[in-house]
>>> print(open('entry26.txt').read())   # compact mmCIF, C-alpha atoms
# COMPACT_ATOMS: atom_id res chain seq x y z
CA MET U 1 -47.18 84.56 31.72
CA MET U 2 -50.46 84.92 29.82
CA THR U 3 -50.14 84.79 26.04
CA GLU U 4 -51.29 87.95 24.27
CA CYS U 5 -53.89 86.98 21.66
CA LYS U 6 -57.28 87.86 20.27
CA VAL U 7 -60.27 86.00 21.70
CA PRO U 8 -63.95 85.85 20.71
CA VAL U 9 -66.25 88.21 22.62
CA PHE U 10 -69.68 86.91 23.58
CA VAL U 11 -72.62 89.26 24.13
CA SER U 12 -76.39 88.95 24.07
CA PRO U 13 -78.43 90.18 22.30
CA GLN U 14 -76.62 90.79 19.04
CA SER U 15 -78.73 93.87 18.28
CA LEU U 16 -81.11 96.29 20.01
CA THR U 17 -84.39 97.61 18.62
CA PHE U 18 -85.93 100.63 20.31
CA SER U 19 -89.55 101.52 19.56
CA LEU U 20 -90.74 105.11 19.43
CA GLU U 21 -94.20 104.13 20.69
CA ASP U 22 -93.10 101.61 23.32
CA LYS U 23 -91.48 103.50 26.19
CA GLN U 24 -90.48 100.26 27.90
CA SER U 25 -88.14 99.50 25.01
CA HIS U 26 -86.17 102.70 25.67
CA ARG U 27 -84.30 100.83 28.41
CA GLN U 28 -82.62 97.57 27.44
CA ILE U 29 -79.96 95.23 28.78
CA ILE U 30 -76.85 93.79 27.15
CA THR U 31 -75.27 90.76 28.82
CA LEU U 32 -71.49 90.35 28.57
CA PHE U 33 -70.07 86.85 29.01
CA ASN U 34 -66.60 85.79 30.08
CA PRO U 35 -66.28 82.02 29.47
CA TYR U 36 -62.51 82.07 30.04
CA ASP U 37 -60.53 81.00 33.10
CA PHE U 38 -59.11 84.50 33.69
CA PRO U 39 -60.76 87.83 34.55
CA VAL U 40 -61.18 90.54 31.90
CA ARG U 41 -62.00 94.22 31.72
CA PHE U 42 -64.57 95.72 29.37
CA LYS U 43 -65.28 99.13 27.89
CA VAL U 44 -68.36 100.25 25.95
CA PHE U 45 -68.06 102.65 23.01
CA CYS U 46 -70.79 104.11 20.80
CA THR U 47 -70.99 105.79 17.41
CA CYS U 48 -73.42 108.42 18.79
CA THR U 49 -72.84 109.04 22.49
CA LYS U 50 -75.42 111.87 22.74
CA LYS U 51 -78.34 109.56 21.97
CA TYR U 52 -77.54 106.87 24.54
CA THR U 53 -76.65 106.42 28.18
CA VAL U 54 -74.86 103.31 29.41
CA VAL U 55 -74.85 102.51 33.11
CA GLU U 56 -71.32 101.43 34.04
CA PRO U 57 -69.75 101.69 30.57
CA GLU U 58 -66.59 100.03 31.87
CA GLY U 59 -65.79 97.43 34.48
CA SER U 60 -64.52 93.90 34.97
CA ILE U 61 -65.88 90.37 34.61
CA SER U 62 -64.65 87.52 36.75
CA ALA U 63 -63.54 84.25 35.20
CA SER U 64 -66.44 82.10 33.94
CA SER U 65 -68.93 84.82 34.79
CA ARG U 66 -71.12 87.50 33.21
CA VAL U 67 -72.39 91.02 33.82
CA ASP U 68 -75.42 93.02 32.63
CA ILE U 69 -75.16 96.60 31.41
CA VAL U 70 -78.17 98.89 31.03
CA VAL U 71 -78.58 100.91 27.83
CA ARG U 72 -81.01 103.84 27.65
CA HIS U 73 -82.09 105.71 24.54
CA ASN U 74 -82.03 109.42 25.38
CA ALA U 75 -83.49 110.75 22.12
CA PRO U 76 -86.54 108.72 21.06
CA ALA U 77 -87.69 111.23 18.44
CA PRO U 78 -89.08 110.75 14.91
CA ALA U 79 -86.01 112.47 13.46
CA PHE U 80 -83.82 109.61 14.69
CA CYS U 81 -86.01 106.75 13.43
CA ASP U 82 -84.51 104.16 11.08
CA ILE U 83 -80.98 105.38 11.84
CA ARG U 84 -78.58 102.59 12.76
CA ASP U 85 -75.97 103.12 15.43
CA LYS U 86 -73.45 100.73 16.95
CA PHE U 87 -72.09 99.88 20.36
CA ARG U 88 -68.65 98.34 20.53
CA ILE U 89 -67.94 96.07 23.49
CA GLN U 90 -64.17 95.99 23.95
CA MET U 91 -62.49 93.32 26.07
CA GLN U 92 -59.12 93.79 27.75
CA TYR U 93 -56.79 91.71 29.88
CA TYR U 94 -57.43 92.56 33.49
CA THR U 95 -53.77 93.18 34.40
CA THR U 96 -52.24 94.69 31.26
CA LYS U 97 -55.42 96.33 29.89
CA LYS U 98 -54.37 95.19 26.43
CA VAL U 99 -57.27 94.82 24.01
CA ILE U 100 -57.93 91.16 23.25
CA GLY U 101 -61.18 91.43 21.27
CA TYR U 102 -64.40 93.30 20.65
CA LYS U 103 -67.98 92.80 19.55
CA ASP U 104 -70.31 95.28 17.83
CA VAL U 105 -74.00 95.52 18.75
CA GLU U 106 -76.19 97.32 16.23
CA THR U 107 -79.09 99.50 17.40
CA ILE U 108 -82.04 101.08 15.61
CA LEU U 109 -85.03 103.21 16.59
CA VAL U 110 -88.28 102.29 14.82
CA ARG U 111 -91.65 104.02 14.87
CA SER U 112 -93.50 100.84 15.81
CA SER U 113 -92.15 97.41 16.66
CA GLU U 114 -95.20 95.81 15.00
CA ASN U 115 -94.39 97.30 11.60
CA PHE U 116 -90.67 96.73 11.87
CA GLU U 117 -89.30 94.36 9.23
CA LEU U 118 -85.96 92.62 9.25
CA PRO U 119 -83.44 93.99 6.76
CA ALA U 120 -83.04 92.08 3.52
CA GLU U 121 -79.60 90.71 4.42
CA ASN U 122 -80.89 88.83 7.46
CA PHE U 123 -81.52 85.08 7.45
CA LYS U 124 -84.75 83.73 6.01
CA GLN U 125 -86.81 80.73 7.01
CA LEU U 126 -85.60 77.40 5.66
CA LEU U 127 -87.55 75.82 2.82
CA ARG U 128 -88.27 72.60 4.75
CA SER U 129 -90.12 74.57 7.41
CA ASP U 130 -92.32 76.12 4.71
CA ILE U 131 -93.12 72.74 3.10
CA SER U 132 -94.05 71.12 6.41
CA VAL U 133 -97.35 73.02 6.50
CA ASP U 134 -98.46 71.86 3.06
CA ASN U 135 -101.12 69.17 2.51
CA TYR U 136 -98.86 66.54 0.97
CA ASP U 137 -96.11 64.26 2.18
CA ASN U 138 -92.84 65.63 0.86
CA GLU U 139 -90.96 62.45 1.69
CA SER U 140 -93.42 60.35 -0.31
CA GLU U 141 -93.12 62.71 -3.27
CA ILE U 142 -89.32 62.46 -3.24
CA ARG U 143 -89.54 58.67 -3.04
CA GLN U 144 -91.93 58.59 -6.01
CA ASN U 145 -89.65 60.82 -8.05
CA CYS U 146 -86.69 58.56 -7.30
CA ASN U 147 -88.66 55.48 -8.30
CA THR U 148 -89.77 57.17 -11.54
CA ASN U 149 -86.18 57.97 -12.50
CA THR U 150 -84.84 54.51 -11.59
CA PRO U 151 -84.24 52.37 -14.70
CA GLY U 152 -85.73 48.86 -14.89
CA PRO U 153 -83.76 45.60 -14.83
CA ASN U 154 -81.41 45.10 -17.78
CA LEU U 155 -81.65 42.25 -20.30
CA THR U 156 -78.69 40.40 -18.83
CA THR U 157 -80.45 40.02 -15.49
CA LEU U 158 -83.62 38.76 -17.16
CA PHE U 159 -81.63 36.33 -19.31
CA MET U 160 -79.83 34.90 -16.26
CA ALA U 161 -83.16 34.44 -14.47
CA GLY U 162 -84.56 32.58 -17.50
CA VAL U 163 -81.53 30.26 -17.68
CA CYS U 164 -81.83 29.47 -13.98
CA ILE U 165 -85.53 28.63 -14.30
CA CYS U 166 -84.88 26.34 -17.26
CA GLY U 167 -82.08 24.61 -15.38
CA LEU U 168 -84.26 24.01 -12.35
CA LEU U 169 -86.96 22.45 -14.53
CA LEU U 170 -84.57 19.86 -15.94
CA PRO U 171 -84.46 16.46 -14.20
CA SER U 172 -81.66 15.80 -11.77
CA SER U 173 -79.18 12.96 -12.09
CA GLU U 174 -81.03 10.95 -9.44
CA ASP U 175 -84.35 11.05 -11.27
CA SER U 176 -85.39 8.44 -13.80
CA ASP U 177 -86.56 10.07 -16.99
CA ILE U 178 -86.61 9.36 -20.69
CA LEU U 179 -84.48 12.49 -21.26
CA ASN U 180 -80.78 11.85 -21.59
CA PHE U 181 -79.81 15.37 -20.41
CA ARG U 182 -79.71 15.67 -16.62
CA ILE U 183 -77.97 18.01 -14.18
CA SER U 184 -76.60 17.33 -10.73
CA PHE U 185 -78.32 18.28 -7.50
CA ASN U 186 -75.46 20.62 -6.51
CA LEU U 187 -75.80 22.51 -9.78
CA LYS U 188 -79.52 22.96 -9.11
CA LEU U 189 -78.66 24.48 -5.72
CA ALA U 190 -76.33 26.94 -7.42
CA LEU U 191 -78.98 27.84 -9.99
CA ALA U 192 -81.54 28.38 -7.23
CA PHE U 193 -79.16 30.74 -5.44
CA VAL U 194 -78.48 32.75 -8.61
CA LEU U 195 -82.20 32.88 -9.35
CA GLY U 196 -82.88 34.26 -5.87
CA MET U 197 -80.29 37.02 -6.31
CA THR U 198 -81.59 38.01 -9.74
CA THR U 199 -85.15 38.02 -8.43
CA ILE U 200 -84.14 40.46 -5.67
CA THR U 201 -82.48 42.69 -8.27
CA ILE U 202 -85.59 42.67 -10.45
CA LEU U 203 -87.88 43.49 -7.53
CA GLN U 204 -85.70 46.45 -6.48
CA HIS U 205 -86.28 48.05 -9.89
CA GLN U 206 -90.07 47.77 -9.73
>>> encode(input="entry26.txt", output="structure tokens")
Amino acid sequence: MMTECKVPVFVSPQSLTFSLEDKQSHRQIITLFNPYDFPVRFKVFCTCTKKYTVVEPEGSISASSRVDIVVRHNAPAPAFCDIRDKFRIQMQYYTTKKVIGYKDVETILVRSSENFELPAENFKQLLRSDISVDNYDNESEIRQNCNTNTPGPNLTTLFMAGVCICGLLLPSSEDSDILNFRISFNLKLALAFVLGMTTITILQHQ
């Protein structure tokens, strides 16, 4: 037995814009999708039924299929411009006709599609897309800012590097020298390794 539950309803487009000047826009299509593995029924409702005509306002969609419904604006008049209406696409189980979900599609009639502007609550273009047309490399600027804010090497690192250099300049135990203070070859290897690590640290802060 099929579990009774609410499911997402997929339609395209999400909104319809009719233009008073463009007669071709007075007839538009809404596509209803059924991505599920069972058939469904659909019904189309509207907040203002006198202004619109829907061809086949109810029907069925096979599993993993889709259907197109035609929407016509019956009253493209200046008095109805900038008034928002809504269609509600209701989905039902094919056998029980129980409602399992719905999707609203907003409609509006504008005087001219060229002068139509998106409402303020709609998404805006991302900032990165705006910067990409500028005449400077944003990535380079960010890298420079990071380098400017990065502190230089601390005194401890510089002191360790100085000690390592002094140790490497001293004669080893195998050398013959008038100095009595000598260090072993293994200790010089260790000092060279430490000096290399401190040098890398200093260069990273340049």
>>> atom_distance(input="entry26.txt", atom1="atom CA of U:Arg27", atom2="atom CA of U:Val70")
6.9 Å
>>> atom_distance(input="entry26.txt", atom1="atom CA of U:Pro39", atom2="atom CA of U:Ala63")
4.6 Å
>>> atom_distance(input="entry26.txt", atom1="atom CA of U:Ala75", atom2="atom CA of U:Ile30")
18.9 Å
>>> residues_near_point(input="entry26.txt", point="(-85.6, 37.1, -11.9)", cutoff="7 Å", atoms="all atoms listed in the file", output="PDB file with C-alpha atoms, in the frame of the given file")
ATOM      1  CA  THR U 157     -80.450  40.020 -15.490  1.00  0.00           C
ATOM      2  CA  LEU U 158     -83.620  38.760 -17.160  1.00  0.00           C
ATOM      3  CA  ALA U 161     -83.160  34.440 -14.470  1.00  0.00           C
ATOM      4  CA  LEU U 195     -82.200  32.880  -9.350  1.00  0.00           C
ATOM      5  CA  THR U 198     -81.590  38.010  -9.740  1.00  0.00           C
ATOM      6  CA  THR U 199     -85.150  38.020  -8.430  1.00  0.00           C
ATOM      7  CA  ILE U 202     -85.590  42.670 -10.450  1.00  0.00           C
TER       8      ILE U 202
END
>>> residues_around(input="entry26.txt", residues="stretch 52-54 of chain U", least_positions_apart="6", cutoff="8 Å", atoms="only C-alpha atoms", output="NGL selection string")
:U and (44 or 69-75)
>>> residues_around(input="entry26.txt", residues="U:Val105", least_positions_apart="4", cutoff="6 Å", atoms="all atoms listed in the file", output="list in words")
Gln14, Ser15, Lys86 and Phe87 of chain U
>>> residues_around(input="entry26.txt", residues="U:Glu58", least_positions_apart="3", cutoff="8 Å", atoms="all atoms listed in the file", output="PyMOL selection string")
chain U and resi 41-44
>>> closest_residue(input="entry26.txt", among="U:Gly162, U:Gly167, U:Pro76, U:Pro13", to="U:Lys50", atoms="all atoms listed in the file")
U:Pro76
>>> residues_around(input="entry26.txt", residues="U:Gly101", least_positions_apart="5", cutoff="9 Å", atoms="only C-alpha atoms", output="short mmCIF file (atom, residue, chain, number, x, y, z; two decimals) with C-alpha atoms, in the coordinates of the input")
data_model
loop_
_atom_site.label_atom_id
_atom_site.label_comp_id
_atom_site.auth_asym_id
_atom_site.auth_seq_id
_atom_site.Cartn_x
_atom_site.Cartn_y
_atom_site.Cartn_z
CA CYS U 5 -53.89 86.98 21.66
CA LYS U 6 -57.28 87.86 20.27
CA VAL U 7 -60.27 86.00 21.70
CA PRO U 8 -63.95 85.85 20.71
CA VAL U 9 -66.25 88.21 22.62
CA ILE U 89 -67.94 96.07 23.49
CA GLN U 90 -64.17 95.99 23.95
CA MET U 91 -62.49 93.32 26.07
CA GLN U 92 -59.12 93.79 27.75
#
>>> axis_aligned_box(input="entry26.txt", around="stretch 75-90 of chain U", padding_each_side="8 Å", output="lines of an AutoDock Vina configuration file")
center_x = -76.6
center_y = 104.2
center_z = 17.5
size_x = 40.9
size_y = 32.5
size_z = 28.9
>>> residues_around(input="entry26.txt", residues="U:Phe10", least_positions_apart="6", cutoff="8 Å", atoms="all atoms listed in the file", output="PyMOL selection string")
chain U and resi 32-34+103
>>> closest_residue(input="entry26.txt", among="U:Lys98, U:Lys23, U:Arg111, U:Lys188", to="U:Leu169", atoms="only C-alpha atoms")
U:Lys188
>>> closest_residue(input="entry26.txt", among="U:Val67, U:Ile29, U:Ala190, U:Leu16", to="U:Val110", atoms="all atoms listed in the file")
U:Leu16
>>> closest_residue(input="entry26.txt", among="U:Lys51, U:Val11, U:Glu106, U:Pro35", to="U:Asp68", atoms="all atoms listed in the file")
U:Val11
>>> build_atoms(input="entry26.txt", residues="stretch 17-41 of chain U", atoms="N, CA and C atoms", output="mmCIF file, keeping the file's coordinate frame")
data_model
loop_
_atom_site.group_PDB
_atom_site.id
_atom_site.type_symbol
_atom_site.label_atom_id
_atom_site.label_comp_id
_atom_site.auth_asym_id
_atom_site.auth_seq_id
_atom_site.Cartn_x
_atom_site.Cartn_y
_atom_site.Cartn_z
ATOM 1 N N THR U 17 -83.353 96.882 19.362
ATOM 2 C CA THR U 17 -84.390 97.610 18.620
ATOM 3 C C THR U 17 -85.213 98.418 19.602
ATOM 4 N N PHE U 18 -85.140 99.723 19.482
ATOM 5 C CA PHE U 18 -85.930 100.630 20.310
ATOM 6 C C PHE U 18 -87.171 101.060 19.518
ATOM 7 N N SER U 19 -88.299 101.130 20.207
ATOM 8 C CA SER U 19 -89.550 101.520 19.560
ATOM 9 C C SER U 19 -89.962 102.905 20.038
ATOM 10 N N LEU U 20 -90.326 103.754 19.087
ATOM 11 C CA LEU U 20 -90.740 105.110 19.430
ATOM 12 C C LEU U 20 -92.014 105.100 20.259
ATOM 13 N N GLU U 21 -92.932 104.179 19.984
ATOM 14 C CA GLU U 21 -94.200 104.130 20.690
ATOM 15 C C GLU U 21 -94.123 103.372 22.013
ATOM 16 N N ASP U 22 -93.216 102.430 22.116
ATOM 17 C CA ASP U 22 -93.100 101.610 23.320
ATOM 18 C C ASP U 22 -92.025 102.182 24.231
ATOM 19 N N LYS U 23 -92.444 102.862 25.285
ATOM 20 C CA LYS U 23 -91.480 103.500 26.190
ATOM 21 C C LYS U 23 -90.670 102.477 26.979
ATOM 22 N N GLN U 24 -91.228 101.291 27.177
ATOM 23 C CA GLN U 24 -90.480 100.260 27.900
ATOM 24 C C GLN U 24 -89.249 99.794 27.133
ATOM 25 N N SER U 25 -89.283 99.924 25.819
ATOM 26 C CA SER U 25 -88.140 99.500 25.010
ATOM 27 C C SER U 25 -86.999 100.514 25.037
ATOM 28 N N HIS U 26 -87.229 101.687 25.623
ATOM 29 C CA HIS U 26 -86.170 102.700 25.670
ATOM 30 C C HIS U 26 -85.076 102.338 26.663
ATOM 31 N N ARG U 27 -85.307 101.331 27.470
ATOM 32 C CA ARG U 27 -84.300 100.830 28.410
ATOM 33 C C ARG U 27 -84.109 99.340 28.164
ATOM 34 N N GLN U 28 -82.900 98.964 27.761
ATOM 35 C CA GLN U 28 -82.620 97.570 27.440
ATOM 36 C C GLN U 28 -81.306 97.130 28.093
ATOM 37 N N ILE U 29 -81.100 95.820 28.091
ATOM 38 C CA ILE U 29 -79.960 95.230 28.780
ATOM 39 C C ILE U 29 -79.115 94.433 27.793
ATOM 40 N N ILE U 30 -77.813 94.604 27.896
ATOM 41 C CA ILE U 30 -76.850 93.790 27.150
ATOM 42 C C ILE U 30 -76.066 92.967 28.160
ATOM 43 N N THR U 31 -75.999 91.667 27.929
ATOM 44 C CA THR U 31 -75.270 90.760 28.820
ATOM 45 C C THR U 31 -73.908 90.448 28.196
ATOM 46 N N LEU U 32 -72.858 90.639 28.994
ATOM 47 C CA LEU U 32 -71.490 90.350 28.570
ATOM 48 C C LEU U 32 -71.036 89.064 29.245
ATOM 49 N N PHE U 33 -70.501 88.144 28.483
ATOM 50 C CA PHE U 33 -70.070 86.850 29.010
ATOM 51 C C PHE U 33 -68.548 86.738 28.988
ATOM 52 N N ASN U 34 -68.018 86.119 30.025
ATOM 53 C CA ASN U 34 -66.600 85.790 30.080
ATOM 54 C C ASN U 34 -66.464 84.293 30.337
ATOM 55 N N PRO U 35 -66.370 83.469 29.283
ATOM 56 C CA PRO U 35 -66.280 82.020 29.470
ATOM 57 C C PRO U 35 -64.868 81.530 29.783
ATOM 58 N N TYR U 36 -63.907 82.464 29.888
ATOM 59 C CA TYR U 36 -62.510 82.070 30.040
ATOM 60 C C TYR U 36 -62.140 81.904 31.511
ATOM 61 N N ASP U 37 -60.973 81.295 31.736
ATOM 62 C CA ASP U 37 -60.530 81.000 33.100
ATOM 63 C C ASP U 37 -59.678 82.124 33.679
ATOM 64 N N PHE U 38 -59.823 83.330 33.168
ATOM 65 C CA PHE U 38 -59.110 84.500 33.690
ATOM 66 C C PHE U 38 -60.045 85.707 33.642
ATOM 67 N N PRO U 39 -59.888 86.656 34.551
ATOM 68 C CA PRO U 39 -60.760 87.830 34.550
ATOM 69 C C PRO U 39 -60.411 88.773 33.406
ATOM 70 N N VAL U 40 -61.385 89.578 32.983
ATOM 71 C CA VAL U 40 -61.180 90.540 31.900
ATOM 72 C C VAL U 40 -61.811 91.869 32.291
ATOM 73 N N ARG U 41 -61.370 92.907 31.612
ATOM 74 C CA ARG U 41 -62.000 94.220 31.720
ATOM 75 C C ARG U 41 -62.793 94.490 30.447
#
